[in-house]
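Containing mmCIF, C-alpha atoms: data.cif.
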data_my_file
#
loop_
_atom_site.group_PDB
_atom_site.id
_atom_site.type_symbol
_atom_site.label_atom_id
_atom_site.label_comp_id
_atom_site.auth_asym_id
_atom_site.auth_seq_id
_atom_site.Cartn_x
_atom_site.Cartn_y
_atom_site.Cartn_z
ATOM 1 C CA MET D 1 10.902 96.218 23.184
ATOM 2 C CA GLU D 2 13.040 93.264 22.385
ATOM 3 C CA ALA D 3 14.959 93.352 25.669
ATOM 4 C CA GLY D 4 11.795 92.804 27.629
ATOM 5 C CA ARG D 5 10.713 90.007 25.344
ATOM 6 C CA ARG D 6 14.004 88.250 25.886
ATOM 7 C CA THR D 7 13.907 88.549 29.649
ATOM 8 C CA GLY D 8 10.544 86.929 30.165
ATOM 9 C CA TRP D 9 10.733 87.374 33.934
ATOM 10 C CA GLY D 10 7.938 89.936 33.938
ATOM 11 C CA ALA D 11 5.642 87.983 31.710
ATOM 12 C CA ALA D 12 6.011 84.942 33.879
ATOM 13 C CA ARG D 13 4.997 86.803 36.987
ATOM 14 C CA ARG D 14 2.284 89.339 36.318
ATOM 15 C CA GLY D 15 1.113 88.805 32.802
ATOM 16 C CA GLY D 16 3.726 91.102 31.295
ATOM 17 C CA GLU D 17 2.976 94.028 33.555
ATOM 18 C CA VAL D 18 6.455 94.141 35.087
ATOM 19 C CA GLN D 19 7.977 93.634 31.683
ATOM 20 C CA ARG D 20 6.085 96.587 30.271
ATOM 21 C CA GLU D 21 6.994 98.771 33.236
ATOM 22 C CA PHE D 22 10.671 98.039 32.857
ATOM 23 C CA GLU D 23 10.549 98.559 29.105
ATOM 24 C CA GLY D 24 8.911 101.892 29.795
ATOM 25 C CA LEU D 25 11.816 102.901 32.007
ATOM 26 C CA VAL D 26 14.400 101.856 29.431
ATOM 27 C CA VAL D 27 12.632 103.783 26.670
ATOM 28 C CA ALA D 28 11.917 106.862 28.756
ATOM 29 C CA ALA D 29 15.087 107.135 30.762
ATOM 30 C CA THR D 30 17.997 105.903 28.645
ATOM 31 C CA ASP D 31 18.550 109.158 26.790
ATOM 32 C CA ARG D 32 18.172 111.240 29.903
ATOM 33 C CA LEU D 33 20.436 109.008 31.985
ATOM 34 C CA PHE D 34 23.023 109.022 29.234
ATOM 35 C CA ARG D 35 23.150 112.808 29.123
ATOM 36 C CA LEU D 36 23.260 113.048 32.896
ATOM 37 C CA GLY D 37 26.111 110.541 33.022
ATOM 38 C CA TYR D 38 27.935 112.227 30.165
ATOM 39 C CA LEU D 39 27.914 115.583 31.937
ATOM 40 C CA MET D 40 29.503 113.933 34.959
ATOM 41 C CA THR D 41 32.129 111.884 33.102
ATOM 42 C CA PHE D 42 32.566 113.442 29.628
ATOM 43 C CA ASP D 43 33.259 109.961 28.363
ATOM 44 C CA ALA D 44 30.557 108.514 26.123
ATOM 45 C CA ALA D 45 31.832 104.932 26.312
ATOM 46 C CA GLU D 46 32.095 104.990 30.086
ATOM 47 C CA THR D 47 28.642 106.575 30.328
ATOM 48 C CA GLU D 48 27.110 103.833 28.181
ATOM 49 C CA GLU D 49 28.624 101.276 30.505
ATOM 50 C CA LEU D 50 27.338 103.114 33.573
ATOM 51 C CA VAL D 51 23.814 103.453 32.161
ATOM 52 C CA GLN D 52 23.728 99.736 31.402
ATOM 53 C CA GLU D 53 24.941 98.954 34.908
ATOM 54 C CA THR D 54 22.273 101.282 36.316
ATOM 55 C CA LEU D 55 19.502 99.557 34.391
ATOM 56 C CA TRP D 56 20.887 96.170 35.332
ATOM 57 C CA ARG D 57 20.798 97.067 39.035
ATOM 58 C CA ILE D 58 17.253 98.397 38.720
ATOM 59 C CA ALA D 59 16.139 95.276 36.868
ATOM 60 C CA ARG D 60 17.501 93.053 39.625
ATOM 61 C CA ARG D 61 15.258 94.696 42.217
ATOM 62 C CA TRP D 62 12.473 95.895 39.995
ATOM 63 C CA ASP D 63 9.608 94.836 42.242
ATOM 64 C CA GLU D 64 11.053 96.727 45.166
ATOM 65 C CA VAL D 65 11.775 99.811 43.031
ATOM 66 C CA GLY D 66 8.346 99.871 41.443
ATOM 67 C CA VAL D 67 6.568 99.757 44.776
ATOM 68 C CA ARG D 68 8.770 102.066 46.833
ATOM 69 C CA GLU D 69 9.694 104.937 44.535
ATOM 70 C CA GLN D 70 9.626 106.381 41.048
ATOM 71 C CA PRO D 71 11.879 104.225 38.856
ATOM 72 C CA GLU D 72 13.422 107.232 37.100
ATOM 73 C CA ARG D 73 14.341 108.783 40.413
ATOM 74 C CA CYS D 74 15.896 105.527 41.541
ATOM 75 C CA ALA D 75 17.771 105.218 38.239
ATOM 76 C CA ARG D 76 19.132 108.746 38.600
ATOM 77 C CA ARG D 77 20.307 108.057 42.134
ATOM 78 C CA THR D 78 21.898 104.761 41.111
ATOM 79 C CA LEU D 79 23.730 106.374 38.199
ATOM 80 C CA VAL D 80 25.048 109.278 40.272
ATOM 81 C CA GLN D 81 26.240 106.866 42.955
ATOM 82 C CA LEU D 82 27.978 104.707 40.344
ATOM 83 C CA VAL D 83 29.745 107.769 38.924
ATOM 84 C CA LEU D 84 30.812 108.960 42.373
ATOM 85 C CA ASP D 85 31.974 105.485 43.444
ATOM 86 C CA ARG D 86 34.053 105.155 40.317
ATOM 87 C CA ALA D 87 35.535 108.613 40.779
ATOM 88 C CA SER D 88 36.449 107.912 44.391
ATOM 89 C CA ARG D 89 38.044 104.581 43.417
ATOM 90 C CA ARG D 90 40.117 106.415 40.803
ATOM 91 C CA ALA D 91 41.101 109.072 43.316
ATOM 92 C CA ARG D 92 42.175 106.377 45.776
ATOM 93 C CA ARG D 93 44.249 104.674 43.085
ATOM 94 C CA ARG D 94 45.843 107.996 42.151
ATOM 95 C CA GLY D 95 46.540 108.645 45.820
ATOM 96 C CA ALA D 96 48.112 105.216 46.221
ATOM 97 C CA SER D 97 50.324 105.693 43.178
ATOM 98 C CA GLY D 98 51.310 109.214 44.258
ATOM 99 C CA GLY D 99 49.648 110.878 41.267
ATOM 100 C CA GLY D 100 46.958 113.536 41.174
ATOM 101 C CA SER D 101 44.878 115.658 38.893
ATOM 102 C CA GLY D 102 45.885 119.159 37.979
ATOM 103 C CA ALA D 103 43.172 120.629 40.138
ATOM 104 C CA GLU D 104 44.235 118.644 43.169
ATOM 105 C CA ASP D 105 47.846 119.606 42.648
ATOM 106 C CA GLY D 106 46.873 123.261 42.678
ATOM 107 C CA ALA D 107 47.547 123.794 38.957
ATOM 108 C CA PRO D 108 46.412 127.194 37.726
ATOM 109 C CA GLU D 109 42.984 126.171 36.403
ATOM 110 C CA GLU D 110 42.169 129.528 34.875
ATOM 111 C CA THR D 111 45.326 129.511 32.798
ATOM 112 C CA SER D 112 44.632 126.127 31.245
ATOM 113 C CA ILE D 113 41.033 127.061 30.487
ATOM 114 C CA ARG D 114 41.863 130.520 29.189
ATOM 115 C CA VAL D 115 43.418 128.884 26.127
ATOM 116 C CA LEU D 116 39.901 128.043 24.938
ATOM 117 C CA ARG D 117 38.329 131.393 25.787
ATOM 118 C CA GLY D 118 36.733 132.954 22.766
ATOM 119 C CA VAL D 119 37.518 129.849 20.691
ATOM 120 C CA ASP D 120 35.075 127.239 21.897
ATOM 121 C CA GLU D 121 32.688 128.243 24.644
ATOM 122 C CA VAL D 122 31.328 124.756 25.272
ATOM 123 C CA ALA D 123 34.780 123.166 25.353
ATOM 124 C CA GLU D 124 35.882 125.826 27.827
ATOM 125 C CA PHE D 125 32.853 125.105 29.993
ATOM 126 C CA ARG D 126 33.367 121.346 29.736
ATOM 127 C CA TRP D 127 36.949 121.735 30.855
ATOM 128 C CA ALA D 128 35.928 123.894 33.787
ATOM 129 C CA LEU D 129 33.239 121.412 34.771
ATOM 130 C CA ALA D 130 35.706 118.535 34.518
ATOM 131 C CA LEU D 131 38.047 120.299 36.935
ATOM 132 C CA LEU D 132 35.406 120.376 39.671
ATOM 133 C CA GLU D 133 35.345 117.704 42.341
ATOM 134 C CA PRO D 134 33.024 114.819 41.336
ATOM 135 C CA GLU D 135 30.462 115.752 44.014
ATOM 136 C CA GLN D 136 30.498 119.395 42.938
ATOM 137 C CA ARG D 137 30.043 118.426 39.298
ATOM 138 C CA ALA D 138 27.188 116.088 40.175
ATOM 139 C CA ALA D 139 25.524 118.795 42.278
ATOM 140 C CA ILE D 140 25.758 121.317 39.437
ATOM 141 C CA VAL D 141 24.380 118.872 36.893
ATOM 142 C CA LEU D 142 21.553 117.752 39.164
ATOM 143 C CA ARG D 143 20.516 121.267 40.147
ATOM 144 C CA PHE D 144 20.999 123.157 36.899
ATOM 145 C CA TYR D 145 20.574 120.510 34.202
ATOM 146 C CA GLU D 146 18.220 117.970 35.716
ATOM 147 C CA GLU D 147 16.687 120.756 37.799
ATOM 148 C CA VAL D 148 15.728 118.452 40.632
ATOM 149 C CA SER D 149 14.849 119.668 44.118
ATOM 150 C CA GLU D 150 17.490 119.877 46.831
ATOM 151 C CA THR D 151 15.912 116.846 48.491
ATOM 152 C CA GLU D 152 16.220 114.754 45.350
ATOM 153 C CA ALA D 153 19.736 115.994 44.707
ATOM 154 C CA ALA D 154 20.716 115.099 48.276
ATOM 155 C CA GLU D 155 19.220 111.654 47.820
ATOM 156 C CA ALA D 156 21.183 111.138 44.604
ATOM 157 C CA LEU D 157 24.409 112.465 46.070
ATOM 158 C CA GLY D 158 23.974 110.538 49.318
ATOM 159 C CA CYS D 159 24.447 113.608 51.497
ATOM 160 C CA PRO D 160 22.284 115.702 53.855
ATOM 161 C CA VAL D 161 19.883 118.137 52.149
ATOM 162 C CA GLY D 162 21.656 121.075 53.752
ATOM 163 C CA ASP D 163 24.931 120.178 52.037
ATOM 164 C CA VAL D 164 23.519 120.338 48.513
ATOM 165 C CA ALA D 165 23.145 124.118 48.430
ATOM 166 C CA SER D 166 26.589 124.584 49.889
ATOM 167 C CA VAL D 167 28.271 122.153 47.461
ATOM 168 C CA ALA D 168 26.443 123.678 44.474
ATOM 169 C CA SER D 169 27.245 127.178 45.629
ATOM 170 C CA HIS D 170 30.966 126.466 46.033
ATOM 171 C CA ALA D 171 31.000 124.752 42.663
ATOM 172 C CA THR D 172 29.310 127.734 41.027
ATOM 173 C CA VAL D 173 31.786 130.159 42.529
ATOM 174 C CA ARG D 174 34.633 127.998 41.220
ATOM 175 C CA LEU D 175 33.037 127.757 37.789
ATOM 176 C CA ARG D 176 32.585 131.520 37.650
ATOM 177 C CA ARG D 177 36.221 131.991 38.485
ATOM 178 C CA MET D 178 37.422 129.409 35.977
ATOM 179 C CA LEU D 179 35.241 130.851 33.237
ATOM 180 C CA GLY D 180 36.530 134.325 33.959
ATOM 181 C CA ARG D 181 33.208 135.775 35.140
ATOM 182 C CA ARG D 182 33.066 138.439 37.804
ATOM 183 C CA PRO D 183 32.621 136.944 41.296
ATOM 184 C CA LEU D 184 29.298 137.296 43.046
ATOM 185 C CA GLU D 185 28.869 140.120 45.501
ATOM 186 C CA GLY D 186 27.099 138.042 48.145
ATOM 187 C CA GLY D 187 23.922 136.057 47.767
ATOM 188 C CA ARG D 188 23.550 132.431 46.891
ATOM 189 C CA LEU D 189 22.715 130.785 43.642
ATOM 190 C CA ARG D 190 19.408 129.059 43.605
ATOM 191 C CA ALA D 191 18.194 126.452 41.184
ATOM 192 C CA HIS D 192 14.551 126.011 40.334
ATOM 193 C CA SER D 193 13.154 122.845 41.763
ATOM 194 C CA THR D 194 10.555 122.144 39.151
ATOM 195 C CA GLY D 195 10.471 121.342 35.492
ATOM 196 C CA HIS D 196 12.909 119.501 33.270
ATOM 197 C CA PRO D 197 14.921 120.566 30.298
ATOM 198 C CA SER D 198 13.410 119.494 27.031
ATOM 199 C CA MET P 1 23.175 139.261 40.377
ATOM 200 C CA SER P 2 23.438 135.512 39.917
ATOM 201 C CA ALA P 3 20.402 134.959 37.684
ATOM 202 C CA GLY P 4 22.403 135.746 34.567
ATOM 203 C CA PHE P 5 25.059 133.199 35.366
ATOM 204 C CA GLU P 6 22.442 130.664 36.418
ATOM 205 C CA SER P 7 20.739 130.819 33.054
ATOM 206 C CA GLU P 8 24.101 130.799 31.289
ATOM 207 C CA LEU P 9 24.999 127.713 33.293
ATOM 208 C CA ARG P 10 21.775 125.979 32.261
ATOM 209 C CA GLN P 11 22.347 126.840 28.640
ATOM 210 C CA LEU P 12 25.965 125.663 28.684
ATOM 211 C CA LEU P 13 24.952 122.405 30.367
ATOM 212 C CA ARG P 14 22.362 121.757 27.662
ATOM 213 C CA ARG P 15 24.852 122.513 24.929
ATOM 214 C CA ALA P 16 27.481 120.289 26.539
ATOM 215 C CA ALA P 17 24.924 117.503 26.958
ATOM 216 C CA ALA P 18 23.900 117.813 23.325
ATOM 217 C CA GLU P 19 27.515 117.060 22.385
ATOM 218 C CA ALA P 20 27.099 113.631 23.933
ATOM 219 C CA GLY P 21 25.597 112.587 20.630
ATOM 220 C CA SER P 22 22.903 110.130 19.836
ATOM 221 C CA THR P 23 21.951 107.294 22.128
ATOM 222 C CA THR P 24 20.698 105.150 19.255
ATOM 223 C CA THR P 25 23.623 102.753 19.537
ATOM 224 C CA LEU P 26 23.188 102.493 23.276
ATOM 225 C CA CYS P 27 19.464 101.811 22.902
ATOM 226 C CA ARG P 28 20.252 99.122 20.359
ATOM 227 C CA GLU P 29 22.737 97.556 22.745
ATOM 228 C CA LEU P 30 20.215 97.698 25.565
ATOM 229 C CA THR P 31 17.648 95.878 23.490
ATOM 230 C CA ARG P 32 20.153 93.042 23.116
ATOM 231 C CA ARG P 33 21.048 92.938 26.759
ATOM 232 C CA ASP P 34 19.542 90.284 28.914
ATOM 233 C CA PHE P 35 18.332 91.943 32.091
ATOM 234 C CA ARG P 36 17.049 88.715 33.562
ATOM 235 C CA PRO P 37 17.894 88.401 37.249
ATOM 236 C CA ARG P 38 20.485 85.741 38.000
ATOM 237 C CA ARG P 39 19.060 82.438 38.960
ATOM 238 C CA PRO P 40 20.079 81.044 42.326
ATOM 239 C CA ARG P 41 20.956 77.771 40.611
ATOM 240 C CA ARG P 42 23.841 79.537 38.860
ATOM 241 C CA ARG P 43 25.156 80.639 42.205
ATOM 242 C CA LEU P 44 24.862 77.053 43.412
ATOM 243 C CA VAL P 45 26.973 75.864 40.512
ATOM 244 C CA SER P 46 29.554 78.625 40.816
ATOM 245 C CA VAL P 47 29.888 78.775 44.610
ATOM 246 C CA ALA P 48 28.425 75.836 46.467
ATOM 247 C CA LEU P 49 29.693 73.090 44.166
ATOM 248 C CA PRO P 50 33.365 74.150 44.231
ATOM 249 C CA ILE P 51 33.172 74.419 48.030
ATOM 250 C CA ALA P 52 31.623 70.972 48.297
ATOM 251 C CA ALA P 53 34.223 69.553 45.911
ATOM 252 C CA GLY P 54 36.984 71.123 47.979
ATOM 253 C CA MET P 55 35.607 69.643 51.186
ATOM 254 C CA ILE P 56 35.337 66.186 49.657
ATOM 255 C CA ALA P 57 38.892 66.448 48.333
ATOM 256 C CA ALA P 58 40.132 67.508 51.778
ATOM 257 C CA ALA P 59 38.316 64.605 53.417
ATOM 258 C CA VAL P 60 39.782 62.123 50.923
ATOM 259 C CA LEU P 61 43.227 63.589 51.499
ATOM 260 C CA MET P 62 42.870 63.260 55.274
ATOM 261 C CA LEU P 63 41.761 59.635 54.926
ATOM 262 C CA ALA P 64 44.673 58.923 52.613
ATOM 263 C CA VAL P 65 47.159 60.431 55.093
ATOM 264 C CA ARG P 66 45.836 58.260 57.893
#
Encoded form using structure tokens:
Amino acid sequence: MEAGRRTGWGAARRGGEVQREFEGLVVAATDRLFRLGYLMTFDAAETEELVQETLWRIARRWDEVGVREQPERCARRTLVQLVLDRASRRARRRGASGGGSGAEDGAPEETSIRVLRGVDEVAEFRWALALLEPEQRAAIVLRFYEEVSETEAAEALGCPVGDVASVASHATVRLRRMLGRRPLEGGRLRAHSTGHPS
Amino acid sequence: MSAGFESELRQLLRRAAAEAGSTTTLCRELTRRDFRPRRPRRRLVSVALPIAAGMIAAAVLMLAVR
């Protein structure tokens, strides 16, 4: 890839090995990272920016990443943390300016989403997902879209493993309610820990 | 129980992700991006030199006042 050729830092060190490894990550992970980021932000432009920032951070400590852990796993964690940091900065700004989102203000979520019911299922779902707290949204996306284990999800979210199931479960209950599905009669939702969506 | 909603959730997530569109433009942008780590020399120019210049200016000013 051209990006690797331009950098030259890999080639200078280990005969292009590092360069090839990083190129491999960019080729293999960009699409996946973009979709993961998009499901957490629903803003394609912002997601592109976040994916670039993620890759930039990985590139800066590539040697460390390559030795210590799987680069894709590290990229996922970095991206999720970037999304959550940005969301918390926005929330702080909103708090400082006295504003707030509809969900935080206790707006009737179901009413606003019901407008789309039967019209556009995906738009309805996207709206419901967007109304979740950033951590809840990230947990749902990690567990049910990326289908990572609770350990990996906890690592990406920066929280204890035990919290992942609880956050995902609360988020699912909220989603069910917002989407007008019947509430669960006990039991906890479980996500498979293996495999990836094609 | 929950299995139905779980699989619905997975399906909806995939459909929502598919709406993100193509990443061709992003990939093209990434190929243009220079991921080279910053060289320390740049930091020297942007941080150390202004500090040094400031210190020299302060010293000259002190001498001038005396």
*So what does the PyMOL selection byres ((chain D and resi 47) around 9) actually pick up in this one, as a ChimeraX atom specification?*
/D:33-38,40-46,48-52,83
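The nearest approach to Ala123 (chain D) among the residues P:Val47, P:Leu63, P:Ala16, P:Ala58, with all atoms listed in the file taken into account, belongs to P:Ala16.
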*Up to 9 Å from (18.1, 97.8, 34.1) in the file's coordinates: name the residues, counting all atoms listed in the file, as an NGL selection string.*
(:D and (22 or 25-26 or 51-60 or 62 or 75)) or (:P and (30 or 35))
Close residues, region 3-15 of chain P itself excluded, 6 Å, only C-alpha atoms, min 2 positions apart in chain, as a PDB file with C-alpha atoms, in the coordinates of the input:
ATOM      1  CA  PHE D 144      20.999 123.157  36.899  1.00  0.00           C
ATOM      2  CA  TYR D 145      20.574 120.510  34.202  1.00  0.00           C
TER       3      TYR D 145
ATOM      4  CA  MET P   1      23.175 139.261  40.377  1.00  0.00           C
ATOM      5  CA  ALA P  17      24.924 117.503  26.958  1.00  0.00           C
ATOM      6  CA  ALA P  18      23.900 117.813  23.325  1.00  0.00           C
TER       7      ALA P  18
END
*Provide the CA of Leu84 (chain D) to CA of Pro134 (chain D) distance in Å, to one decimal place.*
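Calculated distance between CA of Leu84 (chain D) and CA of Pro134 (chain D) is 6.3 Å.
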*asked:* What does the structure give for the distance between CA of Asp120 (chain D) and CA of Arg90 (chain D), in Å to one decimal?
replied: 28.6 Å
